[in-house]
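Here is the structure we will look at.
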Amino acid sequence: MSITYIEAIKQAQDECLAEDDSVFIYGQDIGNFGGAFKATQGLKKKYPDRVLDAPISEDAMIGVAIGAAINGMKPIIEMQFADFSTVGFNQIVNNAATHYFRTGVPVPMTVRLPSGGTPGSGPFHSQCLESIYSHYPGLVVMTPATIEDAYYMLKEAVQMPDPVIYCEHKFLYRWLKADKLGEPDLPINKARVVRSGKHATIVTYSAMVHEAVRAADALKEESDWDIEVVDLRMVKPIDIDTVLASIARTGRVLVLGEGFPWGGIVAEVVKQIVADGFHLLDAAPKTLNSKDTPIPFHPKLWSTHRPTPQSIAQAMRELLHQ
Amino acid sequence: MSITYIEAIKQAQDECLAEDDSVFIYGQDIGNFGGAFKATQGLKKKYPDRVLDAPISEDAMIGVAIGAAINGMKPIIEMQFADFSTVGFNQIVNNAATHYFRTGVPVPMTVRLPSGGTPGSGPFHSQCLESIYSHYPGLVVMTPATIEDAYYMLKEAVQMPDPVIYCEHKFLYRWLKADKLGEPDLPINKARVVRSGKHATIVTYSAMVHEAVRAADALKEESDWDIEVVDLRMVKPIDIDTVLASIARTGRVLVLGEGFPWGGIVAEVVKQIVADGFHLLDAAPKTLNSKDTPIPFHPKLWSTHRPTPQSIAQAMRELLHQ
Amino acid sequence: MSAPLTLPLQNRNQAISLEGVYAMYKVALKSRMLENKFSSLYKAGKILGGVYVGNGQELISGALGACLRKGTDYYAPLIRDQAGRLAFGESLLDSTRTYLGSVKGPMRGRDGNVHRGRPKEGLFAMISHLGTTASVVSGALMSERIKGTLKGKVGGTCIGDGGTSTGAFHEGVNLAAVEKLPLVVVIANNQYAYSTPNSGQYACEKLIDRAKGYGMEGYSVDGTDIVACLDVVSNAVDRARDGAGPQLIEANFLRLSGHGEHDDAFYVDEAIKQSKLGSDGLVNAKNFLMEKGMLDEKKYQDLHDSLQAEIQEAVAQAQQEPDPDPFKDDWRALSSNLV
Amino acid sequence: MSAPLTLPLQNRNQAISLEGVYAMYKVALKSRMLENKFSSLYKAGKILGGVYVGNGQELISGALGACLRKGTDYYAPLIRDQAGRLAFGESLLDSTRTYLGSVKGPMRGRDGNVHRGRPKEGLFAMISHLGTTASVVSGALMSERIKGTLKGKVGGTCIGDGGTSTGAFHEGVNLAAVEKLPLVVVIANNQYAYSTPNSGQYACEKLIDRAKGYGMEGYSVDGTDIVACLDVVSNAVDRARDGAGPQLIEANFLRLSGHGEHDDAFYVDEAIKQSKLGSDGLVNAKNFLMEKGMLDEKKYQDLHDSLQAEIQEAVAQAQQEPDPDPFKDDWRALSSNLV
Ligand SMILES: Cc1ncc(C[n+]2csc(CCOP(=O)(O)OP(=O)(O)O)c2C)c(N)n1
Ligand SMILES: Cc1ncc(C[n+]2csc(CCOP(=O)(O)OP(=O)(O)O)c2C)c(N)n1
Ligand SMILES: [Mg+2]
Ligand SMILES: [Mg+2]
């Protein structure tokens, strides 16, 4: 009776389909085959008319979702990998995202993006696109880091009247396991203090939440630093109040993300922190992202390219000694 | 014998074609017709084999540029509007941008993006995409604000071994006029202090440089504030040293951009400022961008949506009184 | 006079009556006159954005709009589909208000001219990026199928010769074929995409040669012939409605104006202008109706004057309506309340 | 034995000799054996990424690679083109080094498995996003035209049945046709795209029906027949080289393995497996060569053993080579020095 992160996603979709006739899922190999990551396994059998295989046409898949959503449905689009959503990019950012503002008619659709790095996946099966989508007005962007968030946030995403970019992290799919699904503890638009501390704060999201906690544990062990970790959960909009409240306690902050270092969520969080919490800061905010190169294939390169508990702990040491 | 910003672009292309047989231009309606903005007018006649009309296929246009660049050419791609480059997005960010890192073979191509807002152009003919492209490793992004930069930067872009996203601002096309082309005064990777001051700095780029200068002039007149204005010129990579040197003089900074407010160049500049110049700051860095909605069509909405000399001056007053 | 026309096309369920042709002509003429008005307003500096008119496209565009049923069907018009919009039932005011930026228009000043729509009434609001409509309409039709309400419903959209070069169009049309959706796609082949002639967009003999490659039924039609347009389009719409799957129509004619009102179209081939392809379908239609006794100069003048008055009124009303007020506007891109 | 085979296809400039068929068979067999090796290494946990093999695709893939000339032509292979790569002249070591992550491989550990290439030698390095190669090869060919050196040169690329649904593929192929480029596009129709059968990708009868719609010459070929593959591909390549414009080939066969080595392909239709389409082209080729007296069991065993030794050596060498060192790697995405 255990549950993993990917099973939580499947269960959420199953219940969405069961509870609401206007929900359907569309994506490549998601029917009989159950999806590249098995997030829809068994669902085609239960809901044969609402779990549909798509041709390799990401642009058109998003177009279909838009037309259906305008027409009262609540489509879920599964991208086979987040990286391939660049092919549907135009329909997402220019059509889905602008529709409500332009016409007053909302577009309740959810795009599931299997995101982030796993060893040996290389430059085109490892990307984090949340920063790119967050840049555009009209999109909600979620980045669940736990089994419960994966489940509850997806269920809310599907019912939300706006287009939601739901970034599920592939590394967490089977790595996160629990005996059972926990209760919801927070509205989805609130950041969560995952680990409390007093010397510094790490603000992060998605898989990096777990790396941050490891780094914090190591620093506790190593030199008795108490590091607070805040999980943003939703990266657009951002619950900056929870972030600022944490910094009010600690005075120091590292903003951490797995994606490319230029612009994006991490820079945006820093921008918002200094805009409203400059006086709270005892030291310059630090940031950590991947390196500014494509994501390398070889695990030895990959594990240096992205932040690790070691590189996070090192950044924290620098922050704490500033 | 006067010259405009768009004529500088045309002249730069003309000379690139004349001086280097490996340069060619590819884009929609750029041949006989001379391009939607006349940036290639007359060039087809002079270089009939190297000024080529493309079908409405932005993805394939970029693919062509990649194949040609790998093969020793230096293609210039004209997008009819920056907004349409979202259709070629995948080839730009995943193919062109990753190629050098993956294979060691550089891709010397230039993508010209007619960018930015003009009244009545609406959500799909007004966008600024420099923030999106800057996010990706492997691209150089230029945003010239003057006639000279338009000219000299384009000439360097074409000769650069990397893919360059060259964002030319449509509002400046005919609005900037000079008697003649000035001499180059700075390497293209250096930011320029456009107006010196001592009380605060505005860091910006592209058309907003001119709005910032107007706001600075107004503040001088109104209350004798001396505002320094720094033009980034190239937004990836960023010359943060010149920005920090200015802040060292003024202690206060507004980072200003025309694009959407979430993430992007403006947030990145703030991130870099606080990382290396936190101790220089007498007040929290401020930022100003467009509103976080699609770009509205109606000039009355549009002129409130984007930063104006008035809203910039207002932000500066708040910054100066912090 | 009300006897149904006998037309050569096979498989046609409906006969086209002379009354039908006349009704369609009125819509096409109204469209032309409305756009002429926009064109003069543009030249007088009274339009805020660009103006892209459908001169030459009125017959094929109007035919599609006329054959679709508002309230039942879906229609995703493109930039030169003023006639189709009117035929589908879009009001003059929706058009004038959008061009003139009235806050009372369907786009409330947030978007302009050809981008307008009323998605809740089955009239989609296009984005500029070409090729994106086929998949959107397909999505609406797929959702009808899921709901079990598809039967008897049709979706229609239009694409230019140039737009067929987009990957988005290919993906959308192919998907509609895979799903066997009742989608009618009109390729309005006006010989140019902006300044680019067909030779710069495709290398096949006729675009309709692509129908087979998509597994669609395909038809060519002379876009300057009102009867043929009505006939071919109504046949295709009927077949789609009856379950024959997606339909592709290529209509050939010439764009009788510049790409937009800023463009003098110096590049248009004189030979095409002089050919049958270059003839004005509206003039042809008028002649046809005169021959058939449905129209004479007096009746035409009356029709013209009454349309002019209608248009004038819609323009005047939009002009006196308020602009959007940036300080009262609800500047929110999301409909959820998350902050 | 060295007499040229007489083959039914028209317009063929070159006769296919039995020696040619045998040479091609050797390449196809080597490809199969190499990929079998990768497959076992994968199952033993010794490969860092995924493994996607070309079982079933060797003949058509190898034929394209064999007909292109390294040093003159351009070749953009796709995921199942190990055979084409070998035929084009890619070394075994380039392959093993990339799969095994050796820093000495052409991708230096930065990219893996099927993404490798040597762009400066005319062998392009694919990205994962399907459909993007046709335009890239077109760009190389256009640049040859601009330089005045196009004559006698050809570009070749491959796409899957599923990949034809991408907009990128449509744009690239259409552009090649508009530019009348000497591009040969092989559609490797292996009946499935991952788990999706052809009925989920297209609604036309045969994908080659699209050739006419692009204005390309088109050919169908049985992908399990070595002689037919060589014949059709060499004909198309020759025609392209001679200036006949872009060529589209659809080869039909069955993917004889899962999508990747992680996939047991439970969804593959038993009836297809049992049909001629589902036969193993490599077995067919072996039988053919035995019939023609070019091969006997002894000769086959010798061939097999020598190929095995070659492969073993290339694997062993790659395995003992150093991994990339993240601390010595030149972490720069730009080749310009701007900072
Ligand atoms: C993807 C994309 N690229 C470029 C444009 C710019 N553009 C607008 S209309 C047009 C020409 C369209 O030609 P066609 O499809 O033949 O339609 P027509 O204007 O002739 O009705 C172009 C290139 C666009 N709207 N979308
Ligand atoms: C644009 C894009 N979308 C999705 C994928 C994921 N993907 C990789 S291979 C594949 C199936 C390809 O099928 P096909 O083109 O028939 O080639 P085959 O694997 O059968 O050789 C898919 C969907 C991709 N690579 N690119
Ligand atoms: Mg046209
Ligand atoms: Mg396949």
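Simple scheme: letters A, B, ... for chains in structure tokens order, numbers from 1 for residues in each chain, numbers from 1 for ligands in the order shown.
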
>> Using only C-alpha atoms and a distance of at most 8 Å, pull out the residues of chain C that contact chain D, as a ChimeraX atom specification.
In response: /C:165-171,174-175,177-178,199-216

> Any idea which chain D residues end up within 6 Å of chain B if we count only C-alpha atoms, as number ranges by chain please?
Replying inline: D: 107, 110, 135-140, 143, 171-172, 333-334

>> Could you go through region 104-186 of chain B and tell me which residues DSSP, when run on the backbone, assigns to helix (DSSP H, G or I), listing them as number ranges by chain?
In response: B: 130-134, 147-159, 170-172

For those residues, write C-alpha atoms to a file as a compact mmCIF listing (two decimals), in the first residue's frame.
# COMPACT_ATOMS: atom_id res chain seq x y z
CA GLU B 130 15.79 38.98 -25.22
CA SER B 131 15.04 37.62 -21.76
CA ILE B 132 13.88 34.29 -23.10
CA TYR B 133 16.88 33.78 -25.33
CA SER B 134 19.35 34.98 -22.70
CA ILE B 147 22.35 54.07 -34.60
CA GLU B 148 26.04 53.35 -34.11
CA ASP B 149 25.39 50.29 -31.99
CA ALA B 150 22.85 49.03 -34.47
CA TYR B 151 25.52 49.24 -37.12
CA TYR B 152 28.71 48.17 -35.38
CA MET B 153 27.13 45.48 -33.26
CA LEU B 154 25.44 43.89 -36.24
CA LYS B 155 28.70 43.83 -38.14
CA GLU B 156 30.37 42.12 -35.23
CA ALA B 157 27.45 39.79 -34.67
CA VAL B 158 27.75 38.48 -38.20
CA GLN B 159 31.45 37.74 -37.75
CA LYS B 170 11.15 48.77 -34.08
CA PHE B 171 10.35 51.99 -32.29
CA LEU B 172 13.88 53.22 -32.95

>> How would you report the residues lying within 9 Å of ligand 3, as a ChimeraX atom specification, if you count only C-alpha atoms and all ligand atoms?
In response: /C:159-163,187-198,254-255,259

>> Residues of chain B were defined as contacting chain A if any atom lay at most 6 Å from it, counting only C-alpha atoms; please report them as a list in words.
In response: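 Interface list for chain B against chain A: Thr86, Val87, Asn90, Thr98, His135, Pro137, Trp262, Gly263, Gly264, Ile265, Ala267, Glu268, Lys271, Val274, Phe278, Ala284, Asp292, Thr293 and Pro294 of chain B.
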
So that I can see what lies close to Glu270 (chain D), please list as an mmCIF file with N, CA and C atoms, in the first residue's frame the residues with an atom at most 12 Å from it, counting only C-alpha atoms and leaving out residues fewer than 6 positions away in the same chain.
data_model
loop_
_atom_site.group_PDB
_atom_site.id
_atom_site.type_symbol
_atom_site.label_atom_id
_atom_site.label_comp_id
_atom_site.auth_asym_id
_atom_site.auth_seq_id
_atom_site.Cartn_x
_atom_site.Cartn_y
_atom_site.Cartn_z
ATOM 1 N N LEU D 254 9.177 -3.645 -40.161
ATOM 2 C CA LEU D 254 8.743 -3.614 -38.767
ATOM 3 C C LEU D 254 9.941 -3.375 -37.842
ATOM 4 N N LEU D 256 11.978 -4.369 -35.099
ATOM 5 C CA LEU D 256 12.067 -5.733 -34.569
ATOM 6 C C LEU D 256 12.464 -5.778 -33.100
ATOM 7 N N LEU D 277 6.014 -8.061 -43.895
ATOM 8 C CA LEU D 277 6.480 -6.807 -43.307
ATOM 9 C C LEU D 277 7.299 -7.058 -42.050
ATOM 10 N N GLY D 278 6.893 -8.110 -41.326
ATOM 11 C CA GLY D 278 7.554 -8.374 -40.057
ATOM 12 C C GLY D 278 8.790 -9.239 -40.163
#

Please extract the residues of region 221-295 of chain B with a backbone DSSP assignment of strand (DSSP E) and present them as an mmCIF file with N, CA and C atoms, in the first residue's frame.
data_model
loop_
_atom_site.group_PDB
_atom_site.id
_atom_site.type_symbol
_atom_site.label_atom_id
_atom_site.label_comp_id
_atom_site.auth_asym_id
_atom_site.auth_seq_id
_atom_site.Cartn_x
_atom_site.Cartn_y
_atom_site.Cartn_z
ATOM 1 N N ILE B 227 21.123 61.891 -12.466
ATOM 2 C CA ILE B 227 20.916 60.449 -12.641
ATOM 3 C C ILE B 227 21.875 59.922 -13.704
ATOM 4 N N GLU B 228 22.551 58.856 -13.381
ATOM 5 C CA GLU B 228 23.423 58.209 -14.360
ATOM 6 C C GLU B 228 22.605 57.143 -15.105
ATOM 7 N N VAL B 229 22.843 57.052 -16.401
ATOM 8 C CA VAL B 229 22.144 56.026 -17.180
ATOM 9 C C VAL B 229 23.188 55.113 -17.839
ATOM 10 N N VAL B 230 23.036 53.828 -17.592
ATOM 11 C CA VAL B 230 23.946 52.839 -18.181
ATOM 12 C C VAL B 230 23.176 51.988 -19.189
ATOM 13 N N ASP B 231 23.710 51.935 -20.387
ATOM 14 C CA ASP B 231 23.123 51.113 -21.458
ATOM 15 C C ASP B 231 23.906 49.799 -21.525
ATOM 16 N N MET B 234 24.772 44.816 -24.685
ATOM 17 C CA MET B 234 24.682 43.373 -24.883
ATOM 18 C C MET B 234 24.087 42.837 -23.591
ATOM 19 N N VAL B 235 23.060 42.011 -23.684
ATOM 20 C CA VAL B 235 22.439 41.552 -22.438
ATOM 21 C C VAL B 235 22.853 40.135 -22.067
ATOM 22 N N LYS B 236 23.522 39.457 -22.980
ATOM 23 C CA LYS B 236 24.168 38.208 -22.601
ATOM 24 C C LYS B 236 25.406 38.034 -23.442
ATOM 25 N N VAL B 253 20.210 52.136 -7.493
ATOM 26 C CA VAL B 253 20.029 51.667 -8.870
ATOM 27 C C VAL B 253 18.581 51.244 -9.143
ATOM 28 N N LEU B 254 18.152 51.655 -10.320
ATOM 29 C CA LEU B 254 16.905 51.129 -10.897
ATOM 30 C C LEU B 254 17.300 50.308 -12.117
ATOM 31 N N VAL B 255 16.822 49.091 -12.185
ATOM 32 C CA VAL B 255 17.044 48.287 -13.390
ATOM 33 C C VAL B 255 15.739 48.274 -14.177
ATOM 34 N N LEU B 256 15.838 48.608 -15.422
ATOM 35 C CA LEU B 256 14.665 48.935 -16.236
ATOM 36 C C LEU B 256 14.665 48.119 -17.520
ATOM 37 N N LYS B 286 15.802 48.912 -7.209
ATOM 38 C CA LYS B 286 14.418 48.885 -7.715
ATOM 39 C C LYS B 286 14.405 48.338 -9.143
ATOM 40 N N THR B 287 13.238 47.880 -9.555
ATOM 41 C CA THR B 287 13.109 47.424 -10.942
ATOM 42 C C THR B 287 11.827 47.965 -11.549
ATOM 43 N N LEU B 288 11.864 48.066 -12.853
ATOM 44 C CA LEU B 288 10.655 48.471 -13.581
ATOM 45 C C LEU B 288 10.630 47.744 -14.922
#

>> I'd like the contact shell of region 37-42 of chain B - 9 Å cut-off, only C-alpha atoms, skipping same-chain residues fewer than 5 positions apart - returned as a VMD selection string.
In response: chain B and resid 6 to 11 13 to 14 25 30 to 32 47 51 80 114 170 173

Once you have the residues from the selection above, write them out as a PDB file, in the first residue's frame, restricted to N, CA and C atoms.
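The new file result.pdb reads:
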ATOM      1  N   ILE B   6      17.321  52.076 -38.767  1.00  0.00           N
ATOM      2  CA  ILE B   6      17.056  50.982 -39.707  1.00  0.00           C
ATOM      3  C   ILE B   6      18.008  51.047 -40.893  1.00  0.00           C
ATOM      4  N   GLU B   7      18.357  52.247 -41.306  1.00  0.00           N
ATOM      5  CA  GLU B   7      19.332  52.365 -42.400  1.00  0.00           C
ATOM      6  C   GLU B   7      20.709  51.868 -41.969  1.00  0.00           C
ATOM      7  N   ALA B   8      21.015  52.070 -40.703  1.00  0.00           N
ATOM      8  CA  ALA B   8      22.294  51.556 -40.194  1.00  0.00           C
ATOM      9  C   ALA B   8      22.312  50.030 -40.279  1.00  0.00           C
ATOM     10  N   ILE B   9      21.170  49.431 -39.987  1.00  0.00           N
ATOM     11  CA  ILE B   9      21.060  47.969 -40.081  1.00  0.00           C
ATOM     12  C   ILE B   9      21.213  47.521 -41.530  1.00  0.00           C
ATOM     13  N   LYS B  10      20.572  48.255 -42.402  1.00  0.00           N
ATOM     14  CA  LYS B  10      20.694  47.905 -43.817  1.00  0.00           C
ATOM     15  C   LYS B  10      22.134  48.064 -44.296  1.00  0.00           C
ATOM     16  N   GLN B  11      22.734  49.170 -43.926  1.00  0.00           N
ATOM     17  CA  GLN B  11      24.111  49.430 -44.362  1.00  0.00           C
ATOM     18  C   GLN B  11      25.065  48.357 -43.820  1.00  0.00           C
ATOM     19  N   GLN B  13      24.370  45.318 -43.129  1.00  0.00           N
ATOM     20  CA  GLN B  13      24.152  44.080 -43.890  1.00  0.00           C
ATOM     21  C   GLN B  13      24.765  44.185 -45.277  1.00  0.00           C
ATOM     22  N   ASP B  14      24.596  45.344 -45.883  1.00  0.00           N
ATOM     23  CA  ASP B  14      25.158  45.582 -47.212  1.00  0.00           C
ATOM     24  C   ASP B  14      26.670  45.357 -47.166  1.00  0.00           C
ATOM     25  N   ILE B  25      21.597  36.415 -46.420  1.00  0.00           N
ATOM     26  CA  ILE B  25      20.426  36.786 -45.622  1.00  0.00           C
ATOM     27  C   ILE B  25      19.248  35.947 -46.078  1.00  0.00           C
ATOM     28  N   ILE B  30      12.228  39.378 -47.879  1.00  0.00           N
ATOM     29  CA  ILE B  30      13.394  40.248 -47.762  1.00  0.00           C
ATOM     30  C   ILE B  30      14.080  40.478 -49.101  1.00  0.00           C
ATOM     31  N   GLY B  31      13.652  39.758 -50.133  1.00  0.00           N
ATOM     32  CA  GLY B  31      14.301  39.884 -51.429  1.00  0.00           C
ATOM     33  C   GLY B  31      13.847  41.150 -52.141  1.00  0.00           C
ATOM     34  N   ASN B  32      13.240  40.968 -53.274  1.00  0.00           N
ATOM     35  CA  ASN B  32      12.686  42.090 -54.028  1.00  0.00           C
ATOM     36  C   ASN B  32      11.948  43.107 -53.184  1.00  0.00           C
ATOM     37  N   TYR B  47      23.085  41.533 -54.536  1.00  0.00           N
ATOM     38  CA  TYR B  47      23.623  40.201 -54.189  1.00  0.00           C
ATOM     39  C   TYR B  47      22.534  39.160 -54.436  1.00  0.00           C
ATOM     40  N   VAL B  51      20.587  36.941 -50.993  1.00  0.00           N
ATOM     41  CA  VAL B  51      19.482  37.583 -50.271  1.00  0.00           C
ATOM     42  C   VAL B  51      18.241  36.814 -50.702  1.00  0.00           C
ATOM     43  N   GLN B  80      10.330  38.187 -39.352  1.00  0.00           N
ATOM     44  CA  GLN B  80       9.513  39.341 -39.752  1.00  0.00           C
ATOM     45  C   GLN B  80       9.159  40.184 -38.520  1.00  0.00           C
ATOM     46  N   PRO B 114      13.122  41.951 -35.034  1.00  0.00           N
ATOM     47  CA  PRO B 114      12.462  43.264 -34.902  1.00  0.00           C
ATOM     48  C   PRO B 114      11.569  43.222 -33.663  1.00  0.00           C
ATOM     49  N   LYS B 170      11.935  48.182 -32.996  1.00  0.00           N
ATOM     50  CA  LYS B 170      11.148  48.767 -34.082  1.00  0.00           C
ATOM     51  C   LYS B 170      10.829  50.243 -33.848  1.00  0.00           C
ATOM     52  N   TYR B 173      13.539  52.428 -35.228  1.00  0.00           N
ATOM     53  CA  TYR B 173      13.871  52.315 -36.646  1.00  0.00           C
ATOM     54  C   TYR B 173      14.004  53.667 -37.355  1.00  0.00           C
TER      55      TYR B 173
END

> What lies within 12 Å of region 98-103 of chain D using only C-alpha atoms, ignoring chain neighbours under 4 positions off, as a PyMOL selection string?
Replying inline: (chain A and resi 120-122+296-302) or (chain B and resi 102-103) or (chain D and resi 34-35+37-39+41-42+45-52+91-94+107-118+125+314-326+328-329)

>> One decimal, in Å: what's the spacing between CA of Ala178 (chain A) and CA of Gly27 (chain A)?
In response: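 Between CA of Ala178 (chain A) and CA of Gly27 (chain A) the gap is 27.7 Å.
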
> Which distance in Å separates CA of Phe88 (chain C) and CA of Ala309 (chain C), to one decimal?
Replying inline: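 Taking CA of Phe88 (chain C) as the start and CA of Ala309 (chain C) as the end point, the length is 21.0 Å.
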
>> For a quick check of understanding, using only C-alpha atoms and all ligand atoms, which of A:Lys45, A:Glu78, A:Thr4, A:Ser196 has the smallest distance to ligand 2?
In response: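 That would be A:Glu78, the residue with the smallest distance to ligand 2.
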
> Using only C-alpha atoms and all ligand atoms, which of D:Asp238, D:Asp263, D:Asp231, D:Asp302 sits nearest ligand 2?
Replying inline: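 Answer, going by the shortest atom-to-atom distance: D:Asp263.
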
> Hey, what's within 12 Å of region 220-223 of chain A if we count only C-alpha atoms and toss same-chain stuff fewer than 4 positions away? As a PyMOL selection string, please?
Replying inline: chain A and resi 195-200+213-216+227-228+313-314+316-317+320

Keeping N, CA, C and O atoms for every residue in the selection just given, could you write it to a file as a PDB file, in the first residue's frame?
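Contents of the output file selection19.pdb:
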ATOM      1  N   ARG A 195      12.062  22.844   6.610  1.00  0.00           N
ATOM      2  CA  ARG A 195      13.014  22.549   7.677  1.00  0.00           C
ATOM      3  C   ARG A 195      13.260  23.893   8.323  1.00  0.00           C
ATOM      4  O   ARG A 195      13.564  24.872   7.640  1.00  0.00           O
ATOM      5  N   SER A 196      13.112  23.981   9.622  1.00  0.00           N
ATOM      6  CA  SER A 196      13.304  25.314  10.202  1.00  0.00           C
ATOM      7  C   SER A 196      14.708  25.462  10.741  1.00  0.00           C
ATOM      8  O   SER A 196      15.395  24.490  11.055  1.00  0.00           O
ATOM      9  N   GLY A 197      15.139  26.705  10.760  1.00  0.00           N
ATOM     10  CA  GLY A 197      16.503  27.005  11.158  1.00  0.00           C
ATOM     11  C   GLY A 197      16.603  28.447  11.569  1.00  0.00           C
ATOM     12  O   GLY A 197      15.609  29.179  11.542  1.00  0.00           O
ATOM     13  N   LYS A 198      17.770  28.865  11.958  1.00  0.00           N
ATOM     14  CA  LYS A 198      17.871  30.255  12.365  1.00  0.00           C
ATOM     15  C   LYS A 198      19.055  30.998  11.755  1.00  0.00           C
ATOM     16  O   LYS A 198      19.105  32.223  11.812  1.00  0.00           O
ATOM     17  N   HIS A 199      19.992  30.288  11.130  1.00  0.00           N
ATOM     18  CA  HIS A 199      21.191  30.998  10.671  1.00  0.00           C
ATOM     19  C   HIS A 199      21.111  31.460   9.223  1.00  0.00           C
ATOM     20  O   HIS A 199      21.763  32.429   8.856  1.00  0.00           O
ATOM     21  N   ALA A 200      20.376  30.756   8.453  1.00  0.00           N
ATOM     22  CA  ALA A 200      20.245  31.147   7.043  1.00  0.00           C
ATOM     23  C   ALA A 200      19.091  30.370   6.424  1.00  0.00           C
ATOM     24  O   ALA A 200      18.656  29.345   6.959  1.00  0.00           O
ATOM     25  N   VAL A 213      17.875  20.111   1.737  1.00  0.00           N
ATOM     26  CA  VAL A 213      17.728  19.531   3.079  1.00  0.00           C
ATOM     27  C   VAL A 213      18.959  18.693   3.423  1.00  0.00           C
ATOM     28  O   VAL A 213      19.483  18.755   4.541  1.00  0.00           O
ATOM     29  N   ARG A 214      19.449  17.946   2.441  1.00  0.00           N
ATOM     30  CA  ARG A 214      20.675  17.176   2.690  1.00  0.00           C
ATOM     31  C   ARG A 214      21.837  18.091   3.050  1.00  0.00           C
ATOM     32  O   ARG A 214      22.628  17.795   3.954  1.00  0.00           O
ATOM     33  N   ALA A 215      21.958  19.159   2.290  1.00  0.00           N
ATOM     34  CA  ALA A 215      23.049  20.098   2.566  1.00  0.00           C
ATOM     35  C   ALA A 215      22.874  20.679   3.967  1.00  0.00           C
ATOM     36  O   ALA A 215      23.845  20.813   4.721  1.00  0.00           O
ATOM     37  N   ALA A 216      21.644  21.007   4.321  1.00  0.00           N
ATOM     38  CA  ALA A 216      21.376  21.583   5.638  1.00  0.00           C
ATOM     39  C   ALA A 216      21.718  20.573   6.728  1.00  0.00           C
ATOM     40  O   ALA A 216      22.344  20.920   7.747  1.00  0.00           O
ATOM     41  N   ILE A 227      19.941  25.567   9.345  1.00  0.00           N
ATOM     42  CA  ILE A 227      19.529  26.137   8.063  1.00  0.00           C
ATOM     43  C   ILE A 227      18.037  25.916   7.851  1.00  0.00           C
ATOM     44  O   ILE A 227      17.556  24.781   7.965  1.00  0.00           O
ATOM     45  N   GLU A 228      17.333  26.959   7.512  1.00  0.00           N
ATOM     46  CA  GLU A 228      15.919  26.851   7.175  1.00  0.00           C
ATOM     47  C   GLU A 228      15.796  26.600   5.669  1.00  0.00           C
ATOM     48  O   GLU A 228      16.522  27.200   4.877  1.00  0.00           O
ATOM     49  N   ALA A 313      26.168  23.093   0.109  1.00  0.00           N
ATOM     50  CA  ALA A 313      26.776  23.316   1.421  1.00  0.00           C
ATOM     51  C   ALA A 313      27.923  24.313   1.301  1.00  0.00           C
ATOM     52  O   ALA A 313      28.083  25.205   2.146  1.00  0.00           O
ATOM     53  N   GLN A 314      28.689  24.199   0.221  1.00  0.00           N
ATOM     54  CA  GLN A 314      29.796  25.132   0.022  1.00  0.00           C
ATOM     55  C   GLN A 314      29.266  26.562  -0.126  1.00  0.00           C
ATOM     56  O   GLN A 314      29.792  27.507   0.488  1.00  0.00           O
ATOM     57  N   MET A 316      26.564  27.689   1.068  1.00  0.00           N
ATOM     58  CA  MET A 316      26.048  28.110   2.386  1.00  0.00           C
ATOM     59  C   MET A 316      27.190  28.524   3.309  1.00  0.00           C
ATOM     60  O   MET A 316      27.074  29.499   4.048  1.00  0.00           O
ATOM     61  N   ARG A 317      28.292  27.799   3.242  1.00  0.00           N
ATOM     62  CA  ARG A 317      29.440  28.189   4.078  1.00  0.00           C
ATOM     63  C   ARG A 317      29.880  29.606   3.715  1.00  0.00           C
ATOM     64  O   ARG A 317      30.141  30.431   4.582  1.00  0.00           O
ATOM     65  N   LEU A 320      27.378  32.042   5.054  1.00  0.00           N
ATOM     66  CA  LEU A 320      27.379  32.167   6.517  1.00  0.00           C
ATOM     67  C   LEU A 320      28.609  32.917   6.996  1.00  0.00           C
ATOM     68  O   LEU A 320      28.582  33.533   8.065  1.00  0.00           O
TER      69      LEU A 320
END

> Leaving out Pro77 (chain C) and any residue of its chain fewer than 2 positions from it, which residues lie within 10 Å of it when counting only C-alpha atoms, given as a PyMOL selection string?
Replying inline: chain C and resi 61+64-65+74-75+79-85+88+114-117+123-126+133+156-159+186
